[in-house]
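run.cif (mmCIF, C-alpha atoms)
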```
data_coords
loop_
_atom_site.label_atom_id
_atom_site.label_comp_id
_atom_site.auth_asym_id
_atom_site.auth_seq_id
_atom_site.Cartn_x
_atom_site.Cartn_y
_atom_site.Cartn_z
CA MET U 1 -12.78 -50.75 -30.91
CA LYS U 2 -10.45 -48.73 -28.74
CA LYS U 3 -11.16 -45.13 -27.80
CA SER U 4 -9.00 -42.69 -25.88
CA LEU U 5 -10.08 -39.84 -23.69
CA LEU U 6 -8.29 -37.65 -21.16
CA ALA U 7 -9.86 -35.82 -18.24
CA VAL U 8 -7.52 -33.32 -16.61
CA LEU U 9 -8.58 -31.24 -13.63
CA PHE U 10 -6.59 -28.02 -13.18
CA ILE U 11 -6.61 -26.09 -9.94
CA ALA U 12 -4.99 -22.64 -9.95
CA LEU U 13 -4.15 -20.99 -6.64
CA ALA U 14 -3.63 -17.23 -6.71
CA SER U 15 -2.39 -17.11 -3.10
CA PRO U 16 -0.01 -20.05 -2.88
CA ALA U 17 0.35 -22.05 0.29
CA VAL U 18 3.49 -23.89 -0.69
CA PHE U 19 7.13 -22.85 -1.14
CA GLY U 20 6.86 -20.20 1.55
CA GLN U 21 4.74 -17.90 -0.64
CA PHE U 22 2.51 -16.56 2.12
CA ALA U 23 1.41 -12.94 2.56
CA PRO U 24 4.33 -10.93 3.94
CA PRO U 25 4.52 -10.57 7.74
CA ILE U 26 3.46 -6.96 8.39
CA ASP U 27 3.59 -5.55 11.93
CA THR U 28 1.97 -2.38 13.23
CA VAL U 29 4.68 -0.44 15.08
CA PHE U 30 2.63 2.69 15.82
CA THR U 31 -1.05 3.59 15.78
CA GLU U 32 -3.18 6.51 16.96
CA ASN U 33 -6.88 7.07 16.18
CA PHE U 34 -7.55 9.84 18.77
CA ASP U 35 -10.52 7.89 20.15
CA GLY U 36 -9.09 6.55 23.42
CA THR U 37 -10.02 7.68 26.90
CA LEU U 38 -7.10 10.10 26.82
CA GLY U 39 -7.74 11.16 23.24
CA ALA U 40 -4.34 11.60 21.60
CA ASP U 41 -2.63 9.22 24.03
CA SER U 42 0.25 8.29 21.68
CA ILE U 43 1.34 11.88 21.06
CA ALA U 44 4.63 12.84 22.70
CA ALA U 45 4.58 16.60 22.08
CA ASN U 46 2.01 19.24 21.05
CA TYR U 47 3.24 22.81 20.79
CA ASN U 48 3.65 25.98 18.73
CA THR U 49 6.67 28.13 17.86
CA ASP U 50 5.32 31.60 18.76
CA SER U 51 6.22 32.01 22.42
CA SER U 52 3.87 34.97 22.80
CA ASN U 53 0.87 32.66 22.05
CA ALA U 54 1.89 29.47 23.79
CA THR U 55 -1.67 28.12 24.18
CA ARG U 56 -2.04 27.30 20.48
CA SER U 57 -1.99 23.55 19.83
CA TRP U 58 -3.65 20.58 18.15
CA ASN U 59 -6.86 19.39 19.83
CA ASP U 60 -9.36 16.54 19.66
CA THR U 61 -12.52 17.38 17.75
CA THR U 62 -15.83 15.64 17.09
CA PHE U 63 -16.69 17.92 14.17
CA LEU U 64 -15.14 15.61 11.57
CA LYS U 65 -13.88 12.05 12.03
CA THR U 66 -13.53 8.85 10.05
CA THR U 67 -13.87 5.87 12.38
CA GLY U 68 -14.66 6.37 16.02
CA GLY U 69 -15.73 9.66 17.54
CA MET U 70 -12.83 12.10 17.15
CA SER U 71 -10.01 13.35 14.97
CA PHE U 72 -7.08 15.72 15.67
CA HIS U 73 -7.35 19.32 14.48
CA THR U 74 -5.66 22.70 14.40
CA GLN U 75 -6.11 25.98 12.57
CA ILE U 76 -3.52 28.24 11.03
CA TYR U 77 -2.16 31.35 12.70
CA SER U 78 -0.11 34.25 11.40
CA SER U 79 3.66 33.84 11.81
CA ASP U 80 3.31 30.65 13.83
CA SER U 81 3.71 26.89 13.43
CA ILE U 82 1.50 24.38 15.26
CA ILE U 83 3.20 21.00 15.68
CA PHE U 84 2.53 17.59 17.18
CA GLU U 85 4.95 14.67 17.41
CA THR U 86 4.15 10.98 17.78
CA ASP U 87 5.58 8.79 20.50
CA ALA U 88 8.81 7.09 19.51
CA PHE U 89 8.51 3.73 17.76
CA SER U 90 11.03 1.12 16.60
CA THR U 91 11.67 -0.05 13.06
CA ILE U 92 14.51 -2.42 13.98
CA THR U 93 14.60 -5.49 11.65
CA TYR U 94 12.17 -3.82 9.23
CA THR U 95 13.58 -2.90 5.84
CA ASN U 96 10.16 -1.72 4.65
CA VAL U 97 8.19 0.94 6.51
CA ARG U 98 4.82 2.39 5.51
CA PHE U 99 2.95 5.34 7.02
CA THR U 100 -0.80 5.87 6.44
CA PHE U 101 -3.33 8.34 7.77
CA ASP U 102 -6.58 10.13 6.89
CA GLN U 103 -6.75 13.89 6.48
CA ILE U 104 -8.60 17.01 5.39
CA CYS U 105 -6.34 20.02 4.97
CA LYS U 106 -8.48 23.10 4.32
CA ILE U 107 -5.90 25.89 4.57
CA ARG U 108 -5.25 28.57 1.97
CA TYR U 109 -3.31 27.76 -1.15
CA ILE U 110 -0.51 30.12 -0.04
CA GLN U 111 -0.06 28.20 3.24
CA LYS U 112 1.69 24.90 3.86
CA ALA U 113 1.17 21.78 5.94
CA TYR U 114 4.26 19.55 6.22
CA ILE U 115 4.93 16.08 7.56
CA GLN U 116 8.37 15.16 8.86
CA MET U 117 10.14 12.05 10.17
CA SER U 118 13.00 11.44 12.56
CA LYS U 119 15.15 8.38 13.30
CA ASP U 120 17.00 9.86 16.29
CA ASN U 121 14.11 10.57 18.68
CA GLY U 122 13.46 14.03 17.26
CA GLN U 123 16.97 15.46 17.30
CA THR U 124 16.83 15.91 13.52
CA TRP U 125 13.88 15.95 11.13
CA VAL U 126 13.46 15.23 7.40
CA ASN U 127 10.49 16.36 5.30
CA LEU U 128 8.29 13.75 3.64
CA THR U 129 8.40 14.52 -0.08
CA GLY U 130 7.10 13.28 -3.39
CA THR U 131 9.71 10.51 -3.40
CA HIS U 132 7.98 8.97 -0.37
CA TYR U 133 4.41 9.71 -1.46
CA GLN U 134 2.02 7.00 -2.69
CA GLY U 135 -1.26 8.86 -2.29
CA GLU U 136 -3.61 10.44 -4.83
CA SER U 137 -2.80 14.15 -4.51
CA PRO U 138 -1.39 15.50 -7.80
CA GLN U 139 0.13 18.52 -6.03
CA PHE U 140 1.97 16.88 -3.13
CA SER U 141 4.17 14.79 -5.43
CA SER U 142 5.72 17.94 -6.89
CA GLN U 143 5.43 20.39 -3.97
CA GLY U 144 5.94 18.38 -0.79
CA TRP U 145 3.18 19.98 1.28
CA PHE U 146 -0.61 19.95 1.66
CA ASN U 147 -3.20 22.72 1.42
CA GLU U 148 -6.63 23.25 -0.15
CA LEU U 149 -5.21 22.73 -3.67
CA SER U 150 -3.87 19.27 -2.87
CA TYR U 151 -7.14 17.85 -4.22
CA PRO U 152 -8.15 20.54 -6.74
CA SER U 153 -10.58 18.85 -9.15
CA ALA U 154 -14.35 19.02 -8.80
CA LEU U 155 -14.50 15.96 -11.08
CA LEU U 156 -12.67 13.76 -8.57
CA SER U 157 -13.14 12.72 -4.97
CA PRO U 158 -12.08 14.08 -2.59
CA TYR U 159 -12.36 17.71 -3.68
CA TRP U 160 -11.25 20.38 -1.20
CA GLN U 161 -12.91 23.30 -2.99
CA GLY U 162 -9.96 25.61 -3.45
CA PRO U 163 -8.65 28.14 -4.01
CA THR U 164 -10.30 30.45 -1.49
CA ILE U 165 -10.08 34.02 -2.78
CA GLY U 166 -10.38 37.13 -0.59
CA ASN U 167 -8.88 37.92 2.83
CA SER U 168 -12.27 37.91 4.56
CA ASN U 169 -13.49 34.72 2.88
CA THR U 170 -13.54 31.80 5.34
CA GLY U 171 -14.01 29.26 2.55
CA SER U 172 -16.18 26.17 2.23
CA THR U 173 -16.92 24.04 5.28
CA PRO U 174 -15.49 20.52 4.96
CA THR U 175 -17.73 17.47 5.10
CA SER U 176 -17.04 13.78 5.66
CA THR U 177 -16.73 13.29 1.88
CA TRP U 178 -13.49 15.30 1.94
CA TRP U 179 -11.41 12.70 3.81
CA ALA U 180 -8.33 11.60 1.88
CA ARG U 181 -6.36 8.44 2.65
CA GLU U 182 -2.62 9.12 2.45
CA THR U 183 0.22 6.63 2.13
CA PHE U 184 3.98 7.21 2.40
CA ASP U 185 6.80 4.70 1.90
CA LEU U 186 9.43 5.55 4.53
CA SER U 187 11.62 2.50 3.88
CA ALA U 188 14.60 4.39 2.45
CA TYR U 189 14.99 6.45 5.64
CA LEU U 190 13.46 4.59 8.59
CA GLY U 191 14.24 1.12 7.24
CA ASP U 192 17.78 1.60 5.96
CA TYR U 193 20.92 0.09 7.51
CA ASP U 194 22.08 1.59 10.81
CA ASN U 195 25.88 1.34 10.63
CA THR U 196 26.31 2.46 14.24
CA ASN U 197 24.30 -0.47 15.63
CA SER U 198 24.84 -2.91 12.71
CA GLN U 199 21.15 -3.44 12.07
CA TYR U 200 18.32 -2.48 9.80
CA GLY U 201 15.95 0.12 11.22
CA TYR U 202 16.12 2.44 14.23
CA ALA U 203 14.93 2.25 17.83
CA GLN U 204 13.69 5.84 18.26
CA CYS U 205 11.65 6.93 15.23
CA LYS U 206 9.03 9.67 15.22
CA ILE U 207 6.66 11.46 12.85
CA ARG U 208 5.41 15.00 13.25
CA PHE U 209 2.77 17.21 11.60
CA VAL U 210 3.69 20.87 11.09
CA MET U 211 1.07 23.50 10.28
CA THR U 212 3.04 26.58 9.25
CA ASN U 213 2.17 30.11 8.16
CA LYS U 214 5.00 32.53 7.51
CA THR U 215 3.15 34.84 5.10
CA GLY U 216 3.31 37.90 7.35
CA THR U 217 0.62 40.57 7.57
CA PRO U 218 -2.11 41.27 6.83
CA SER U 219 -3.17 37.71 7.60
CA PRO U 220 -6.28 36.45 5.78
CA ALA U 221 -9.13 34.89 7.72
CA SER U 222 -8.46 31.29 8.75
CA LEU U 223 -10.19 28.46 6.95
CA ALA U 224 -11.46 25.27 8.58
CA GLY U 225 -7.94 23.97 9.27
CA TRP U 226 -6.17 20.62 9.26
CA PHE U 227 -7.90 17.43 10.43
CA VAL U 228 -5.99 14.13 10.75
CA ASP U 229 -7.09 10.69 11.89
CA ASN U 230 -6.04 7.03 12.00
CA LEU U 231 -2.26 7.36 12.02
CA MET U 232 -0.51 4.03 11.48
CA VAL U 233 3.08 2.95 10.83
CA GLU U 234 3.69 -0.59 9.60
CA GLY U 235 6.94 -2.49 9.19
CA ALA U 236 7.95 -5.64 7.36
CA PRO U 237 11.22 -7.48 6.63
CA CYS U 238 10.14 -7.77 2.98
CA GLU U 239 8.00 -5.72 0.63
CA LEU U 240 4.76 -4.36 2.05
CA GLU U 241 2.74 -4.90 -1.12
CA PRO U 242 2.77 -8.52 -2.28
CA PRO U 243 2.76 -9.36 -6.00
CA THR U 244 -0.63 -9.77 -7.63
CA LEU U 245 -1.99 -12.12 -10.29
CA ASP U 246 -4.54 -10.92 -12.84
CA TRP U 247 -6.35 -13.60 -14.89
CA ILE U 248 -8.77 -11.16 -16.56
CA ASN U 249 -6.69 -8.47 -18.26
CA VAL U 250 -4.66 -10.75 -20.53
CA SER U 251 -4.70 -10.99 -24.32
CA VAL U 252 -6.62 -14.29 -24.32
CA GLN U 253 -7.92 -15.54 -21.00
CA ALA U 254 -6.52 -18.93 -20.06
CA LYS U 255 -7.04 -19.66 -16.39
CA PRO U 256 -6.77 -23.41 -15.83
CA ASN U 257 -9.99 -24.11 -13.95
CA GLY U 258 -12.19 -27.17 -14.42
CA ALA U 259 -11.79 -30.29 -16.51
CA ARG U 260 -9.84 -30.36 -19.77
CA TYR U 261 -10.21 -33.06 -22.44
CA MET U 262 -7.13 -32.30 -24.48
CA PRO U 263 -3.44 -33.24 -24.54
CA SER U 264 -2.24 -29.67 -23.92
CA GLN U 265 -3.18 -26.67 -21.79
CA ASP U 266 -2.25 -23.00 -22.13
CA VAL U 267 -1.87 -20.85 -19.04
CA ARG U 268 -1.81 -17.04 -19.26
CA VAL U 269 -1.68 -14.64 -16.33
CA LYS U 270 -0.56 -11.06 -15.70
CA GLY U 271 1.93 -10.61 -12.88
CA LYS U 272 2.36 -7.21 -11.23
CA ASP U 273 4.69 -5.98 -8.51
CA ASN U 274 5.50 -2.41 -7.47
CA ALA U 275 9.19 -3.29 -7.12
CA GLY U 276 9.31 -4.96 -10.55
CA VAL U 277 8.75 -8.55 -11.68
CA ASP U 278 11.94 -10.46 -12.32
CA SER U 279 10.28 -13.68 -13.46
CA MET U 280 7.35 -16.00 -12.90
CA ARG U 281 7.75 -19.71 -12.31
CA ILE U 282 5.01 -22.31 -12.42
CA TYR U 283 5.06 -25.25 -9.99
CA PHE U 284 2.94 -28.31 -10.58
CA ARG U 285 2.62 -32.00 -9.84
CA ARG U 286 0.26 -34.71 -11.06
CA TYR U 287 -1.82 -37.24 -9.21
CA ASP U 288 -2.13 -40.45 -11.19
CA TYR U 289 -5.21 -42.32 -10.07
CA SER U 290 -4.08 -45.45 -11.87
CA GLY U 291 -0.89 -45.37 -9.82
CA SER U 292 -2.61 -44.08 -6.66
CA GLY U 293 0.06 -41.52 -5.90
CA TRP U 294 1.47 -38.07 -6.47
CA GLY U 295 4.35 -37.47 -8.77
CA ALA U 296 7.30 -35.22 -7.95
CA TRP U 297 7.00 -31.44 -7.99
CA THR U 298 8.06 -29.88 -11.27
CA ASP U 299 8.74 -26.25 -12.01
CA SER U 300 9.32 -24.22 -15.15
CA LEU U 301 9.85 -20.58 -16.02
CA MET U 302 6.89 -18.93 -17.71
CA THR U 303 7.47 -16.81 -20.81
CA SER U 304 7.17 -13.04 -20.39
CA SER U 305 5.64 -10.72 -22.97
CA PHE U 306 8.34 -8.12 -22.15
CA SER U 307 12.04 -8.44 -22.94
CA SER U 308 13.08 -5.63 -20.55
CA ASN U 309 14.42 -6.42 -17.09
CA CYS U 310 12.03 -6.22 -14.13
CA PRO U 311 8.96 -4.50 -15.59
CA ASP U 312 6.31 -3.57 -13.03
CA SER U 313 3.93 -5.92 -14.85
CA SER U 314 3.96 -8.43 -17.68
CA GLN U 315 1.86 -11.20 -19.18
CA TYR U 316 3.29 -14.66 -18.60
CA THR U 317 2.51 -17.79 -20.59
CA TYR U 318 3.13 -21.49 -20.21
CA THR U 319 1.85 -24.48 -22.20
CA PHE U 320 1.54 -28.02 -20.90
CA ASP U 321 2.26 -30.49 -23.68
CA ASN U 322 2.32 -34.28 -24.02
CA ILE U 323 -0.22 -34.98 -21.31
CA GLY U 324 -0.63 -38.75 -21.25
CA VAL U 325 -3.78 -40.51 -22.43
CA SER U 326 -4.92 -43.98 -21.39
CA ASP U 327 -6.89 -46.27 -23.75
CA THR U 328 -10.21 -47.81 -22.81
CA MET U 329 -10.50 -51.56 -22.33
CA SER U 330 -13.10 -53.96 -23.75
CA GLY U 331 -15.09 -51.13 -25.29
CA MET U 332 -15.70 -49.52 -21.88
CA TYR U 333 -14.76 -45.91 -21.20
CA VAL U 334 -12.19 -45.82 -18.43
CA PHE U 335 -10.94 -42.32 -17.54
CA LEU U 336 -7.41 -41.64 -16.45
CA THR U 337 -7.88 -38.46 -14.40
CA VAL U 338 -4.74 -36.42 -13.75
CA LEU U 339 -5.02 -33.84 -11.00
CA VAL U 340 -2.58 -31.00 -11.64
CA GLN U 341 -1.99 -28.54 -8.83
CA MET U 342 -0.17 -25.35 -9.80
CA TRP U 343 1.27 -22.51 -7.75
CA TYR U 344 2.22 -19.33 -9.56
CA VAL U 345 5.18 -17.72 -7.88
CA ILE U 346 6.33 -14.21 -8.80
CA HIS U 347 9.94 -13.61 -7.85
#
```
Starting from the file, give its structure as structure tokens.
Amino acid sequence: MKKSLLAVLFIALASPAVFGQFAPPIDTVFTENFDGTLGADSIAANYNTDSSNATRSWNDTTFLKTTGGMSFHTQIYSSDSIIFETDAFSTITYTNVRFTFDQICKIRYIQKAYIQMSKDNGQTWVNLTGTHYQGESPQFSSQGWFNELSYPSALLSPYWQGPTIGNSNTGSTPTSTWWARETFDLSAYLGDYDNTNSQYGYAQCKIRFVMTNKTGTPSPASLAGWFVDNLMVEGAPCELEPPTLDWINVSVQAKPNGARYMPSQDVRVKGKDNAGVDSMRIYFRRYDYSGSGWGAWTDSLMTSSFSSNCPDSSQYTYTFDNIGVSDTMSGMYVFLTVLVQMWYVIH
């Protein structure tokens, strides 16, 4: 009597090592953590705009910090702006530029803390706005500045305990639980095409932090102030956030791991990309032990659950059919094992 049985071993790789699908090359083009021997040793300028009080500035502090021993801090002053600028850095060849830092901004809800960028070594400045913002503050996206109401909910973390009411009220004292991690995508400005030099990016870029108070008199008592730490600018010639694969949050889980004793195999995976997913293609090849060799690479488009163009995420499906089966001989079970390696590539 003849019997037939198929053993198929599927191996799914979420971070493919073939077809050039490695993690994107991301370079750090500027960093400052205020912990070096010279403290803020990558800061090019530190000044205020009120010439009658020229000693006001940002300073290292050990009162609050994230990693290391210090952060950078200033308080607010009536009719004055306290500003520091980073050293110049280059974004040449980088079409994608990301800026991250940690902060606590405990200034009154009527006061404003801005961040600006320059691509001409500080000759002109542009405010960072909600179009650049990728952080968690619900207020910054619509307003374009930080203060104590940037993180206003006691139900969420961080919570900056605003608003502070009363001119003599100095407000709550920040703790280490108040630190907020901020992210800005600066690609459209610092990574765009420089027509003058026929290149992407600019050689003399800067970022500056501006603590400003133009509310006049009487000036209310100052709160704890603005603390910043761990400034970093990264650049990449491609997107900074690689696509992700999610095998869990699909309608019916179908991750091809382990042996399969069937002539077909469903594959379902959710693909997500912040720039939009155009398509997902599955690559596979088979190793035939009876033939002692690999077959040729084969690829097919997976089917999307969305009909719209370039959704930020979609479920993709593919079914392997007509997987070959070998008969046993002389009543003995002889397995034809087909090793299928698959790389899921999100374009």
- Item | One-decimal distance in Å that lies between CA of Leu223 (chain U) and CA of Gln116 (chain U) | 22.9 Å
- Task: Excluding Phe209 (chain U) and residues on its chain fewer than 6 positions from it, collect all residues at most 6 Å away from it, counting only C-alpha atoms, and give them as a list of chain:residue names.
- Result: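 The residues that qualify are U:Ile83, U:Phe84, U:Ile115.
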- Query: Which is closer to Tyr202 (chain U) than all the others in U:Asp312, U:Glu32, U:Asp120, U:Asp41, using all atoms listed in the file?
  - Reply: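 With all atoms listed in the file as the atom set, the closest residue is U:Asp120.
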- Message: One number please: CA of Tyr94 (chain U) to CA of Gly68 (chain U), in Å, one decimal.
- Response: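 Between these atoms lies a distance of 29.5 Å.
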- Ground truth for the PyMOL selection byres ((chain U and resi 172-179) around 7), written as number ranges by chain: U: 64, 102-104, 158-161, 170-171, 180-181, 224
Since we have the selection now, will you write its residues out, keeping C-alpha atoms, as a PDB file, in the coordinates of the input?
```pdb
ATOM      1  CA  LEU U  64     -15.140  15.610  11.570  1.00  0.00           C
ATOM      2  CA  ASP U 102      -6.580  10.130   6.890  1.00  0.00           C
ATOM      3  CA  GLN U 103      -6.750  13.890   6.480  1.00  0.00           C
ATOM      4  CA  ILE U 104      -8.600  17.010   5.390  1.00  0.00           C
ATOM      5  CA  PRO U 158     -12.080  14.080  -2.590  1.00  0.00           C
ATOM      6  CA  TYR U 159     -12.360  17.710  -3.680  1.00  0.00           C
ATOM      7  CA  TRP U 160     -11.250  20.380  -1.200  1.00  0.00           C
ATOM      8  CA  GLN U 161     -12.910  23.300  -2.990  1.00  0.00           C
ATOM      9  CA  THR U 170     -13.540  31.800   5.340  1.00  0.00           C
ATOM     10  CA  GLY U 171     -14.010  29.260   2.550  1.00  0.00           C
ATOM     11  CA  ALA U 180      -8.330  11.600   1.880  1.00  0.00           C
ATOM     12  CA  ARG U 181      -6.360   8.440   2.650  1.00  0.00           C
ATOM     13  CA  ALA U 224     -11.460  25.270   8.580  1.00  0.00           C
TER      14      ALA U 224
END
```
- Task: Starting from the shown file, work through the PyMOL selection byres ((chain U and resi 241) around 12) and note down what comes out as a list in words.
- Result: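 Selection result, ordered by chain and number: Ala23, Pro24, Pro25, Ile26, Asn96, Val97, Arg98, Asp185, Glu234, Gly235, Ala236, Pro237, Cys238, Glu239, Leu240, Pro242, Pro243, Thr244, Lys272, Asp273, Asn274, Ala275 and Gly276 of chain U.
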Calculate, to one decimal in Å, the centre and edge lengths of the box along x, y and z of the file that holds all listed atoms of region 43-54 of chain U with 6 Å of margin on each side, and present them as JSON.
```
{"center_x": 3.8, "center_y": 23.4, "center_z": 20.8, "size_x": 17.8, "size_y": 35.1, "size_z": 17.9}
```
Using the chain letters and numbers from this file, what does the PyMOL selection byres ((chain U and resi 131) around 12) select? Give the answer as a PDB file with C-alpha atoms, keeping the file's coordinate frame.
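See result_4.pdb below for the written result:
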```pdb
ATOM      1  CA  ASN U 127      10.490  16.360   5.300  1.00  0.00           C
ATOM      2  CA  LEU U 128       8.290  13.750   3.640  1.00  0.00           C
ATOM      3  CA  THR U 129       8.400  14.520  -0.080  1.00  0.00           C
ATOM      4  CA  GLY U 130       7.100  13.280  -3.390  1.00  0.00           C
ATOM      5  CA  HIS U 132       7.980   8.970  -0.370  1.00  0.00           C
ATOM      6  CA  TYR U 133       4.410   9.710  -1.460  1.00  0.00           C
ATOM      7  CA  GLN U 134       2.020   7.000  -2.690  1.00  0.00           C
ATOM      8  CA  GLY U 135      -1.260   8.860  -2.290  1.00  0.00           C
ATOM      9  CA  PHE U 140       1.970  16.880  -3.130  1.00  0.00           C
ATOM     10  CA  SER U 141       4.170  14.790  -5.430  1.00  0.00           C
ATOM     11  CA  SER U 142       5.720  17.940  -6.890  1.00  0.00           C
ATOM     12  CA  GLN U 143       5.430  20.390  -3.970  1.00  0.00           C
ATOM     13  CA  GLY U 144       5.940  18.380  -0.790  1.00  0.00           C
ATOM     14  CA  THR U 183       0.220   6.630   2.130  1.00  0.00           C
ATOM     15  CA  PHE U 184       3.980   7.210   2.400  1.00  0.00           C
ATOM     16  CA  ASP U 185       6.800   4.700   1.900  1.00  0.00           C
ATOM     17  CA  LEU U 186       9.430   5.550   4.530  1.00  0.00           C
ATOM     18  CA  SER U 187      11.620   2.500   3.880  1.00  0.00           C
ATOM     19  CA  ALA U 188      14.600   4.390   2.450  1.00  0.00           C
ATOM     20  CA  TYR U 189      14.990   6.450   5.640  1.00  0.00           C
TER      21      TYR U 189
END
```
Mind checking which residues fall within 12 Å of Thr303 (chain U), counting all atoms listed in the file, ignoring those fewer than 3 positions away in the same chain, and posting them as a compact mmCIF listing (two decimals) with C-alpha atoms, keeping the file's coordinate frame?
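See out.txt below for the written result:
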```txt
# COMPACT_ATOMS: atom_id res chain seq x y z
CA ASP U 266 -2.25 -23.00 -22.13
CA VAL U 267 -1.87 -20.85 -19.04
CA ARG U 268 -1.81 -17.04 -19.26
CA VAL U 269 -1.68 -14.64 -16.33
CA LYS U 270 -0.56 -11.06 -15.70
CA GLY U 271 1.93 -10.61 -12.88
CA ASP U 278 11.94 -10.46 -12.32
CA SER U 279 10.28 -13.68 -13.46
CA MET U 280 7.35 -16.00 -12.90
CA ARG U 281 7.75 -19.71 -12.31
CA ILE U 282 5.01 -22.31 -12.42
CA SER U 300 9.32 -24.22 -15.15
CA PHE U 306 8.34 -8.12 -22.15
CA SER U 307 12.04 -8.44 -22.94
CA SER U 314 3.96 -8.43 -17.68
CA GLN U 315 1.86 -11.20 -19.18
CA TYR U 316 3.29 -14.66 -18.60
CA THR U 317 2.51 -17.79 -20.59
CA TYR U 318 3.13 -21.49 -20.21
CA THR U 319 1.85 -24.48 -22.20
```
